[in-house]
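Only one structure is covered here, and it is reproduced in the block below.
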Amino acid sequence: MVKKERHSFSLAETIVVLAIVAVMAGTTVVAVNSLRSLILDAETRKAVSDISWARQRTVATNAGHAVVFTNAVPSKYSVYKSPTGTTADLTAANLLKDVVMKVSLQLARVNLWIYSPRGNMFAEDGTNPVASFSLENQGKTKNITVYYDTGYTKIE
């Protein structure tokens, strides 16, 4: 009688393979969830960095700059050189940086104008001493507050 060879996996081998696949799937889920938070943190730091960069350029060049957050495109802001401090300066010739973010932006105020050798910031209408806006990515939120008189930026 000729014995047939069987080519199959044992129960123990199948369980080990399933356990490895389960561990890999769990790791992937955790990595994807933390990625959302990392994207939000990175975009928040980028916005704060660009506000500080515009302020430093104002102090260094003694020429005004504007950081313009637009409601038309909810995830976009631009940095302009703005010598006269009016919306007439917001042209392609004065555009320094155009940024499209990977997160959505909720605005309380639209524009930050940065003037004076000290780098003080002013709201578009000049009435509020604090600008505040929020960045949101899939349910997680970061708030950015800019104090006009000092240029201090706070992330909450």
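Ordering of the structure tokens sets the chain letters (A, B, ...), residue numbers begin anew at 1 in every chain, and ligands are numbered from 1 in the order given.
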
Give me, as JSON, numbers by chain, the residues of range 3-108 of chain A that a backbone DSSP run labels helix (DSSP H, G or I). {"A": [11, 12, 13, 14, 15, 16, 17, 18, 19, 20, 21, 22, 23, 24, 25, 26, 27, 28, 29, 30, 31, 32, 33, 34, 35, 36, 37, 38, 39, 40, 41, 42, 43, 44, 45, 46, 47, 48, 49, 50, 51, 52, 53, 54, 55, 56, 57, 58, 59, 60, 61, 87, 88, 89, 92, 93, 94]}

Non-local contacts of Asn137 in chain A (10 Å; only C-alpha atoms; under 6 positions in same chain excluded) as a ChimeraX atom specification: /A:36-37,39-41,43,102-105

Take the residues from that selection and write them out as a compact mmCIF listing (two decimals), in the first residue's frame, keeping N, CA, C and O atoms.
# COMPACT_ATOMS: atom_id res chain seq x y z
N ARG A 36 -3.50 60.81 12.89
CA ARG A 36 -4.43 61.95 12.84
C ARG A 36 -3.97 63.04 13.80
O ARG A 36 -3.97 64.21 13.47
N SER A 37 -3.60 62.65 14.99
CA SER A 37 -3.14 63.61 15.99
C SER A 37 -1.83 64.26 15.56
O SER A 37 -1.63 65.45 15.76
N ILE A 39 -0.77 64.76 12.48
CA ILE A 39 -1.05 65.71 11.40
C ILE A 39 -1.58 67.01 11.97
O ILE A 39 -1.15 68.09 11.56
N LEU A 40 -2.49 66.94 12.92
CA LEU A 40 -3.04 68.14 13.54
C LEU A 40 -1.95 68.93 14.26
O LEU A 40 -1.88 70.15 14.12
N ASP A 41 -1.09 68.25 15.01
CA ASP A 41 0.00 68.93 15.70
C ASP A 41 0.95 69.61 14.71
O ASP A 41 1.37 70.75 14.92
N GLU A 43 0.34 70.65 11.59
CA GLU A 43 -0.30 71.79 10.93
C GLU A 43 -0.44 72.98 11.89
O GLU A 43 -0.30 74.13 11.48
N LYS A 102 -3.66 70.51 5.70
CA LYS A 102 -4.26 69.18 5.62
C LYS A 102 -5.40 69.01 6.62
O LYS A 102 -5.93 67.92 6.76
N VAL A 103 -5.72 70.07 7.32
CA VAL A 103 -6.79 70.04 8.31
C VAL A 103 -7.72 71.21 8.03
O VAL A 103 -7.37 72.13 7.32
N SER A 104 -8.93 71.18 8.61
CA SER A 104 -9.84 72.29 8.39
C SER A 104 -9.61 73.38 9.43
O SER A 104 -9.12 73.13 10.52
N LEU A 105 -9.97 74.59 9.07
CA LEU A 105 -9.68 75.77 9.86
C LEU A 105 -10.98 76.47 10.18
O LEU A 105 -11.77 76.76 9.28

Surrounding residues of Ala92 in chain A excluding itself and chain neighbours under 6 positions, 12 Å, only C-alpha atoms, as a PyMOL selection string: chain A and resi 78-82+98

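Among the candidates A:Ala54, A:Leu96, A:Ala31, A:Val48, the one nearest to Ser132 in chain A when counting only C-alpha atoms is A:Val48.
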
Identify, with DSSP run on backbone atoms, the residues in chain A assigned to strand (DSSP E), and express the list as a VMD selection string. chain A and resid 65 to 69 76 to 81 95 to 100 104 to 107 111 to 115 120 to 123 130 to 137 140 to 147 153 to 155
